[in-house]
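Chemist: Got a structure for you, input_19.txt, holding compact mmCIF, C-alpha atoms.
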```txt
# COMPACT_ATOMS: atom_id res chain seq x y z
CA MET S 18 94.13 84.60 109.15
CA PHE S 19 91.49 87.34 109.45
CA SER S 20 88.46 85.15 108.98
CA ALA S 21 85.45 86.50 107.12
CA ALA S 22 87.52 89.26 105.45
CA SER S 23 86.59 88.01 102.00
CA THR S 24 82.87 88.09 102.82
CA LEU S 25 82.88 91.76 103.89
CA THR S 26 82.03 94.65 101.63
CA LEU S 27 84.84 97.13 101.03
CA ALA S 28 83.20 99.63 103.41
CA GLN S 29 82.98 96.98 106.15
CA LEU S 30 86.54 95.82 105.48
CA LEU S 31 87.80 99.39 105.82
CA GLU S 32 86.05 99.80 109.16
CA VAL S 33 87.20 96.50 110.65
CA THR S 34 90.82 96.84 109.53
CA TYR S 35 91.01 100.44 110.78
CA TYR S 36 89.62 99.46 114.16
CA ALA S 37 91.81 96.35 114.44
CA ARG S 38 94.96 98.33 113.48
CA ILE S 39 94.26 100.93 116.13
CA ALA S 40 93.63 98.26 118.74
CA LEU S 41 96.86 96.50 117.78
CA ASP S 42 98.81 99.74 117.89
CA ARG S 43 97.59 100.31 121.44
CA ARG S 44 98.01 96.65 122.36
CA PHE S 45 94.42 96.04 123.32
CA ARG S 46 93.60 92.40 123.99
CA PRO S 47 90.12 91.27 122.81
CA GLU S 48 88.82 91.44 126.37
CA ASP S 49 90.16 95.01 126.70
CA LEU S 50 88.28 95.98 123.56
CA GLU S 51 85.09 94.43 124.87
CA ARG S 52 85.38 96.23 128.20
CA THR S 53 86.58 99.61 126.91
CA PRO S 54 85.89 100.05 123.19
CA ILE S 55 88.36 102.50 121.65
CA MET S 56 86.53 105.45 120.11
CA ALA S 57 83.47 104.88 122.31
CA GLY S 58 81.50 108.09 122.57
CA VAL S 59 82.95 109.48 119.34
CA ALA S 60 80.32 110.05 116.69
CA GLY S 61 80.78 107.42 114.00
CA GLU S 62 82.23 104.89 116.39
CA PRO S 63 82.33 101.36 114.95
CA GLY S 64 79.18 99.27 115.21
CA ALA S 65 78.92 96.16 117.39
CA GLU S 66 79.54 93.82 114.44
CA VAL S 67 82.73 95.68 113.45
CA GLN S 68 83.99 95.64 117.02
CA LYS S 69 83.27 91.90 117.30
CA LEU S 70 85.18 91.11 114.09
CA ALA S 71 88.14 93.21 115.20
CA ARG S 72 88.20 91.33 118.51
CA ASP S 73 88.05 88.02 116.62
CA TRP S 74 91.00 89.04 114.42
CA ILE S 75 93.11 90.03 117.40
CA ALA S 76 92.21 86.73 119.05
CA GLU S 77 93.40 84.96 115.86
CA ILE S 78 96.72 86.81 116.07
CA GLN S 79 97.13 85.85 119.72
CA LEU S 80 96.36 82.22 118.90
CA HIS S 81 98.85 82.24 116.04
CA GLU S 82 101.58 83.84 118.13
CA GLY S 83 100.80 81.91 121.31
CA ARG S 84 100.75 85.02 123.49
CA PRO S 85 98.66 88.14 124.16
CA VAL S 86 99.11 91.13 121.86
CA ASP S 87 100.56 93.29 124.61
CA GLN S 88 103.43 90.81 124.88
CA LEU S 89 104.31 90.81 121.17
CA LYS S 90 107.37 92.56 119.77
CA GLU S 91 106.93 95.84 117.93
CA GLU S 92 108.07 94.24 114.64
CA THR S 93 105.49 91.46 114.98
CA LEU S 94 102.69 93.93 115.60
CA GLU S 95 103.82 95.98 112.61
CA GLU S 96 103.78 92.90 110.40
CA TYR S 97 100.14 92.23 111.28
CA GLN S 98 99.26 95.89 110.75
CA ARG S 99 100.90 95.65 107.35
CA GLN S 100 98.85 92.54 106.52
CA LEU S 101 95.68 94.42 107.43
CA SER S 102 96.59 97.38 105.21
CA ASP S 103 97.48 94.99 102.38
CA LEU S 104 94.07 93.34 102.67
CA VAL S 105 92.44 96.72 102.04
CA GLU S 106 94.74 97.84 99.24
CA LYS S 107 94.29 94.55 97.35
CA ARG S 108 90.52 94.87 97.62
CA VAL S 109 90.62 98.51 96.51
CA ARG S 110 92.65 97.59 93.42
CA LEU S 111 90.13 94.86 92.65
CA GLU S 112 86.95 96.86 93.18
CA SER S 113 87.60 100.52 92.61
CA LYS S 114 89.78 100.14 89.53
CA PRO S 115 92.21 103.05 89.95
CA ASP S 116 92.32 105.37 86.92
CA PRO S 117 95.88 106.80 87.03
CA VAL S 118 95.15 109.66 84.60
CA ARG S 119 92.08 110.85 86.49
CA GLY S 120 93.82 110.28 89.83
CA ARG S 121 96.81 112.44 88.80
CA ARG S 122 94.52 115.20 87.54
CA LEU S 123 92.50 115.25 90.78
CA LEU S 124 95.68 115.17 92.85
CA GLU S 125 97.20 118.09 90.92
CA GLU S 126 94.02 120.08 91.43
CA LEU S 127 94.03 119.31 95.16
CA ARG S 128 97.68 120.41 95.46
CA ARG S 129 96.84 123.64 93.66
CA LEU S 130 93.80 124.39 95.81
CA VAL S 131 95.55 123.65 99.11
CA PRO S 132 99.17 124.77 99.06
CA ILE S 133 101.46 123.76 101.89
CA PRO S 134 100.47 125.87 104.87
CA VAL S 135 103.11 128.50 105.62
CA HIS S 136 103.33 130.70 108.69
CA MET Y 14 95.27 115.41 136.43
CA SER Y 15 94.41 118.89 135.13
CA ALA Y 16 93.37 119.54 131.54
CA PRO Y 17 96.26 119.94 129.09
CA LEU Y 18 97.16 123.35 127.69
CA ILE Y 19 97.99 122.12 124.20
CA LEU Y 20 97.23 119.04 122.13
CA TYR Y 21 99.59 117.91 119.37
CA SER Y 22 98.59 115.84 116.37
CA ALA Y 23 100.73 114.34 113.59
CA ASN Y 24 99.06 114.17 110.19
CA THR Y 25 100.02 113.99 106.55
CA LEU Y 26 99.85 116.72 103.95
CA LEU Y 27 97.48 114.59 101.86
CA ALA Y 28 95.05 114.09 104.75
CA TYR Y 29 95.17 117.83 105.49
CA ARG Y 30 94.40 118.72 101.89
CA ILE Y 31 91.52 116.25 101.60
CA ASN Y 32 89.94 117.47 104.83
CA GLN Y 33 90.26 121.09 103.73
CA ILE Y 34 88.50 120.54 100.42
CA TYR Y 35 86.13 117.61 100.86
CA TYR Y 36 85.16 117.97 104.52
CA SER Y 37 84.68 121.75 104.70
CA GLU Y 38 87.94 122.44 106.53
CA ARG Y 39 87.05 120.01 109.33
CA HIS Y 40 89.64 117.50 110.42
CA PHE Y 41 89.40 114.13 112.18
CA VAL Y 42 92.43 113.93 114.44
CA TRP Y 43 93.99 111.74 117.07
CA CYS Y 44 95.93 113.95 119.43
CA ASN Y 45 98.12 113.85 122.44
CA PRO Y 46 99.12 116.27 125.19
CA TYR Y 47 102.72 115.05 124.86
CA PHE Y 48 104.88 116.36 122.06
CA SER Y 49 107.92 114.14 122.47
CA ALA Y 50 109.20 111.36 124.69
CA SER Y 51 112.81 112.49 124.21
CA ALA Y 52 112.11 115.96 125.59
CA PRO Y 53 109.99 115.13 128.63
CA SER Y 54 107.90 117.79 130.25
CA ILE Y 55 108.63 118.63 133.85
CA ASP Y 56 104.89 118.99 134.38
CA VAL Y 57 103.80 115.53 133.25
CA GLN Y 58 105.35 112.14 133.69
CA MET Y 59 106.32 109.38 131.29
CA PRO Y 60 104.89 110.24 127.88
CA PRO Y 61 103.89 107.31 125.67
CA SER Y 62 106.42 105.74 123.32
CA SER Y 63 104.73 106.89 120.10
CA THR Y 64 104.35 110.66 120.30
CA PRO Y 65 103.49 113.17 117.55
CA SER Y 66 107.20 113.97 117.36
CA ASP Y 67 108.07 110.29 116.74
CA ILE Y 68 105.35 109.93 114.12
CA CYS Y 69 106.52 113.06 112.25
CA ARG Y 70 110.15 112.01 112.35
CA ASN Y 71 109.34 108.53 111.07
CA LEU Y 72 107.23 109.93 108.24
CA VAL Y 73 109.97 112.37 107.19
CA GLY Y 74 112.44 109.48 107.19
CA ASP Y 75 110.19 107.26 105.08
CA VAL Y 76 109.48 110.04 102.57
CA SER Y 77 113.09 111.17 102.22
CA GLN Y 78 114.35 107.59 101.87
CA GLN Y 79 111.64 106.91 99.26
CA ASP Y 80 110.43 103.94 101.29
CA VAL Y 81 107.63 102.64 99.07
CA HIS Y 82 106.85 99.94 101.64
CA SER Y 83 106.47 102.38 104.54
CA LEU Y 84 103.92 101.02 107.01
CA LYS Y 85 103.05 104.52 108.22
CA ILE Y 86 102.27 105.69 104.70
CA GLN Y 87 100.35 102.54 103.85
CA SER Y 88 98.34 102.97 107.06
CA ASN Y 89 97.64 106.59 106.19
CA ARG Y 90 96.31 105.62 102.77
CA THR Y 91 93.99 103.10 104.44
CA GLY Y 92 93.01 105.61 107.12
CA ILE Y 93 92.05 108.26 104.54
CA ARG Y 94 89.97 105.70 102.64
CA THR Y 95 88.28 104.63 105.89
CA GLY Y 96 87.46 108.24 106.78
CA ALA Y 97 86.01 108.85 103.32
CA SER Y 98 83.91 105.69 103.52
CA SER Y 99 82.62 106.70 106.94
CA ARG Y 100 81.70 110.22 105.77
CA ARG Y 101 79.99 108.82 102.67
CA ASN Y 102 77.96 106.45 104.85
CA ALA Y 103 77.03 109.39 107.07
CA GLY Y 104 75.87 111.38 104.04
CA GLN Y 105 78.56 114.05 104.50
CA ILE Y 106 80.06 113.46 101.05
CA THR Y 107 78.57 112.08 97.86
CA GLU Y 108 79.41 108.81 96.18
CA GLU Y 109 81.21 110.80 93.48
CA GLN Y 110 83.32 112.66 96.05
CA PHE Y 111 84.16 109.34 97.68
CA ARG Y 112 85.36 108.01 94.31
CA GLU Y 113 87.47 111.13 93.77
CA ILE Y 114 89.16 110.70 97.15
CA ASP Y 115 89.76 107.05 96.35
CA GLN Y 116 91.43 107.99 93.05
CA ILE Y 117 93.52 110.69 94.74
CA VAL Y 118 94.76 108.28 97.41
CA SER Y 119 95.70 105.75 94.74
CA ALA Y 120 97.58 108.38 92.73
CA ALA Y 121 99.35 110.02 95.69
CA LYS Y 122 103.15 110.02 95.69
CA LEU Y 123 105.37 109.61 98.73
CA ALA Y 124 105.91 113.37 98.93
CA ASP Y 125 102.18 113.85 99.48
CA PHE Y 126 102.61 112.10 102.81
CA ARG Y 127 104.99 114.65 104.28
CA PRO Y 128 104.11 115.17 107.94
CA LEU Y 129 102.38 118.19 109.39
CA LEU Y 130 102.16 118.94 113.09
CA TYR Y 131 98.90 120.42 114.34
CA VAL Y 132 99.14 122.53 117.48
CA ILE Y 133 95.74 122.75 119.14
CA PRO Y 134 95.01 124.98 122.14
CA PHE Y 135 92.96 122.74 124.41
CA HIS Y 136 90.59 125.46 125.57
CA LEU Y 137 89.34 125.84 121.99
CA VAL Y 138 88.40 122.17 121.71
CA ALA Y 139 87.61 121.11 125.27
CA GLU Y 140 84.00 120.33 124.37
CA GLN Y 141 84.87 118.31 121.28
CA ALA Y 142 87.95 116.40 122.45
CA LYS Y 143 86.93 112.90 123.46
CA PRO Y 144 89.41 111.01 125.63
CA VAL Y 145 90.37 107.59 124.26
CA PRO Y 146 89.98 104.92 126.93
CA PRO Y 147 93.31 103.20 127.54
CA ALA Y 148 93.65 99.44 128.04
CA ASP Y 149 93.98 98.66 131.72
CA ARG Y 150 97.69 97.91 131.39
CA ALA Y 151 98.45 101.14 129.54
CA HIS Y 152 100.21 103.83 131.49
CA PRO Y 153 97.61 106.07 133.12
CA PHE Y 154 99.40 109.18 131.82
CA SER Y 155 99.31 108.10 128.17
CA GLN Y 156 96.04 109.93 127.48
CA GLU Y 157 94.98 110.37 123.87
CA TYR Y 158 92.08 112.35 122.48
CA ILE Y 159 90.00 112.13 119.29
CA ILE Y 160 88.46 115.21 117.73
CA LYS Y 161 86.05 114.30 114.98
CA ASP Y 162 85.38 117.67 113.33
CA LEU Y 163 88.25 119.96 114.29
CA PRO Y 164 87.71 123.33 112.55
CA ARG Y 165 90.75 124.73 110.75
CA LEU Y 166 90.45 127.93 112.77
CA SER Y 167 91.14 125.99 115.99
CA PHE Y 168 94.68 124.91 115.27
CA ASP Y 169 98.01 125.98 113.86
CA VAL Y 170 99.91 123.85 111.33
CA LEU Y 171 103.67 123.38 111.19
CA GLU Y 172 105.40 121.63 108.33
CA TRP Y 173 107.78 119.10 109.84
CA SER Y 174 111.19 118.83 108.23
CA TRP Y 175 113.51 117.46 110.96
CA ARG Y 176 114.67 113.85 110.99
```
Starting from the coordinates I provided, produce the structure as structure tokens.

Modeler:
Amino acid sequence: MFSAASTLTLAQLLEVTYYARIALDRRFRPEDLERTPIMAGVAGEPGAEVQKLARDWIAEIQLHEGRPVDQLKEETLEEYQRQLSDLVEKRVRLESKPDPVRGRRLLEELRRLVPIPVH
Amino acid sequence: MSAPLILYSANTLLAYRINQIYYSERHFVWCNPYFSASAPSIDVQMPPSSTPSDICRNLVGDVSQQDVHSLKIQSNRTGIRTGASSRRNAGQITEEQFREIDQIVSAAKLADFRPLLYVIPFHLVAEQAKPVPPADRAHPFSQEYIIKDLPRLSFDVLEWSWR
């Protein structure tokens, strides 16, 4: 499932999984995505290669499930979205080597600088 | 259909904080003219099934139940990383800032993903709000918008605490 994922850089993987998750959430079939790319016209929209890979991944899901994405149950769609997020998180753990001490310090500083907005 | 009066957007506290500090108080948001499907407007028909209200309620539920496997929270972590990667590639943040965001997202606790509701007067963002094209089968009223660089001065923020 999700061919070519292992050959992508982390930046590419982030882009493709984000785009594919959004398309799944809105139940876009591959042909829908080709005809009306989500985020078209927004600066920073995904490049043609990213869009093609996302379409391929949704086609793989449809093939695996034997039906179009817009006919899949909510739980099934969520499971695939979870798999996509897991792909990213595993790669992040592998490549960016989280430093818990530094991460906690940065997070504390961020919380201090931006308190919960109150009106 | 006429332009909406208000757009609503569900976000997390962590995303809000990162945008405030690392992106000069500019926020990338998906937004919707419908607040809730359970309290339908008499002016518009049939809101989509996943409204800002639903998203906020689900996030509050996941945070309060300490659901470490929450799909919404996992997706938000990935979304924040994707945004940071995109802004680094666009030269809007440095490699070091990208690494900091990455470390923050890894260290974030469930409580950092508490939901916030942004209330955005449409007339302030009419030029920036890009409509998201729906799939042909989607309901024609389920219009979403993306705003790439929403200035903090253009919206109000409510902390969501209802389940």

Chemist: With a cut-off of 6 Å and counting all atoms listed in the file, select all residues of chain S in contact with chain Y and give the selection as a ChimeraX atom specification.

Modeler: /S:31,45,49,115,120-121,124,131

Chemist: Do a neighbour search on Asp75 in chain Y at 12 Å with all atoms listed in the file, toss out local chain neighbours closer than 2 positions, and write the hits as a VMD selection string.

Modeler: chain Y and resid 68 to 73 77 to 87 123 to 128 176

Chemist: May I have the residues from that selection written out with C-alpha atoms, as a PDB file, in the coordinates of the input?

Modeler:
```pdb
ATOM      1  CA  ILE Y  68     105.350 109.930 114.120  1.00  0.00           C
ATOM      2  CA  CYS Y  69     106.520 113.060 112.250  1.00  0.00           C
ATOM      3  CA  ARG Y  70     110.150 112.010 112.350  1.00  0.00           C
ATOM      4  CA  ASN Y  71     109.340 108.530 111.070  1.00  0.00           C
ATOM      5  CA  LEU Y  72     107.230 109.930 108.240  1.00  0.00           C
ATOM      6  CA  VAL Y  73     109.970 112.370 107.190  1.00  0.00           C
ATOM      7  CA  SER Y  77     113.090 111.170 102.220  1.00  0.00           C
ATOM      8  CA  GLN Y  78     114.350 107.590 101.870  1.00  0.00           C
ATOM      9  CA  GLN Y  79     111.640 106.910  99.260  1.00  0.00           C
ATOM     10  CA  ASP Y  80     110.430 103.940 101.290  1.00  0.00           C
ATOM     11  CA  VAL Y  81     107.630 102.640  99.070  1.00  0.00           C
ATOM     12  CA  HIS Y  82     106.850  99.940 101.640  1.00  0.00           C
ATOM     13  CA  SER Y  83     106.470 102.380 104.540  1.00  0.00           C
ATOM     14  CA  LEU Y  84     103.920 101.020 107.010  1.00  0.00           C
ATOM     15  CA  LYS Y  85     103.050 104.520 108.220  1.00  0.00           C
ATOM     16  CA  ILE Y  86     102.270 105.690 104.700  1.00  0.00           C
ATOM     17  CA  GLN Y  87     100.350 102.540 103.850  1.00  0.00           C
ATOM     18  CA  LEU Y 123     105.370 109.610  98.730  1.00  0.00           C
ATOM     19  CA  ALA Y 124     105.910 113.370  98.930  1.00  0.00           C
ATOM     20  CA  ASP Y 125     102.180 113.850  99.480  1.00  0.00           C
ATOM     21  CA  PHE Y 126     102.610 112.100 102.810  1.00  0.00           C
ATOM     22  CA  ARG Y 127     104.990 114.650 104.280  1.00  0.00           C
ATOM     23  CA  PRO Y 128     104.110 115.170 107.940  1.00  0.00           C
ATOM     24  CA  ARG Y 176     114.670 113.850 110.990  1.00  0.00           C
TER      25      ARG Y 176
END
```

Chemist: Which one of S:Glu125, S:Asp73, S:Glu96, S:Glu112 sits closest to Glu48 in chain S if you count only C-alpha atoms?

Modeler: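 That would be S:Asp73, the residue with the smallest distance to Glu48 in chain S.
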
Chemist: Nearest to Gln98 in chain S among S:Ala37, S:Ala65, S:Val118, S:Ala22, with distances taken over all atoms listed in the file: which residue is it?

Modeler: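 For Gln98 in chain S, the nearest of the given residues is S:Ala37.
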
Chemist: Could you please determine the separation between CA of His136 in chain Y and CA of Ala16 in chain Y in Å, to one decimal place?

Modeler: 8.9 Å

Chemist: Could you check the closest approach to Trp74 in chain S for each of S:Leu30, S:Met18, S:Leu130, S:Leu89 and tell me which residue wins, using only C-alpha atoms?

Modeler: S:Met18

Chemist: As an exercise, work out the distance from CA of Pro46 in chain Y to CA of Ile19 in chain Y in Å and give it to one decimal place.

Modeler: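 Taking CA of Pro46 in chain Y and CA of Ile19 in chain Y, their separation equals 6.0 Å.
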
Chemist: For a test of reading the model, state the distance in Å between CA of Gln156 in chain Y and CA of Ser15 in chain Y, rounded to one decimal.

Modeler: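 Taking CA of Gln156 in chain Y and CA of Ser15 in chain Y, their separation equals 11.9 Å.
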
Chemist: Let me have the centre and edge lengths of the axis-aligned box enclosing all listed atoms of range 63-69 of chain S with 4 Å padding on every side, in Å to one decimal, as AutoDock Vina command-line options.

Modeler:
```
--center_x 81.5 --center_y 96.6 --center_z 115.4 --size_x 13.1 --size_y 17.5 --size_z 11.9
```
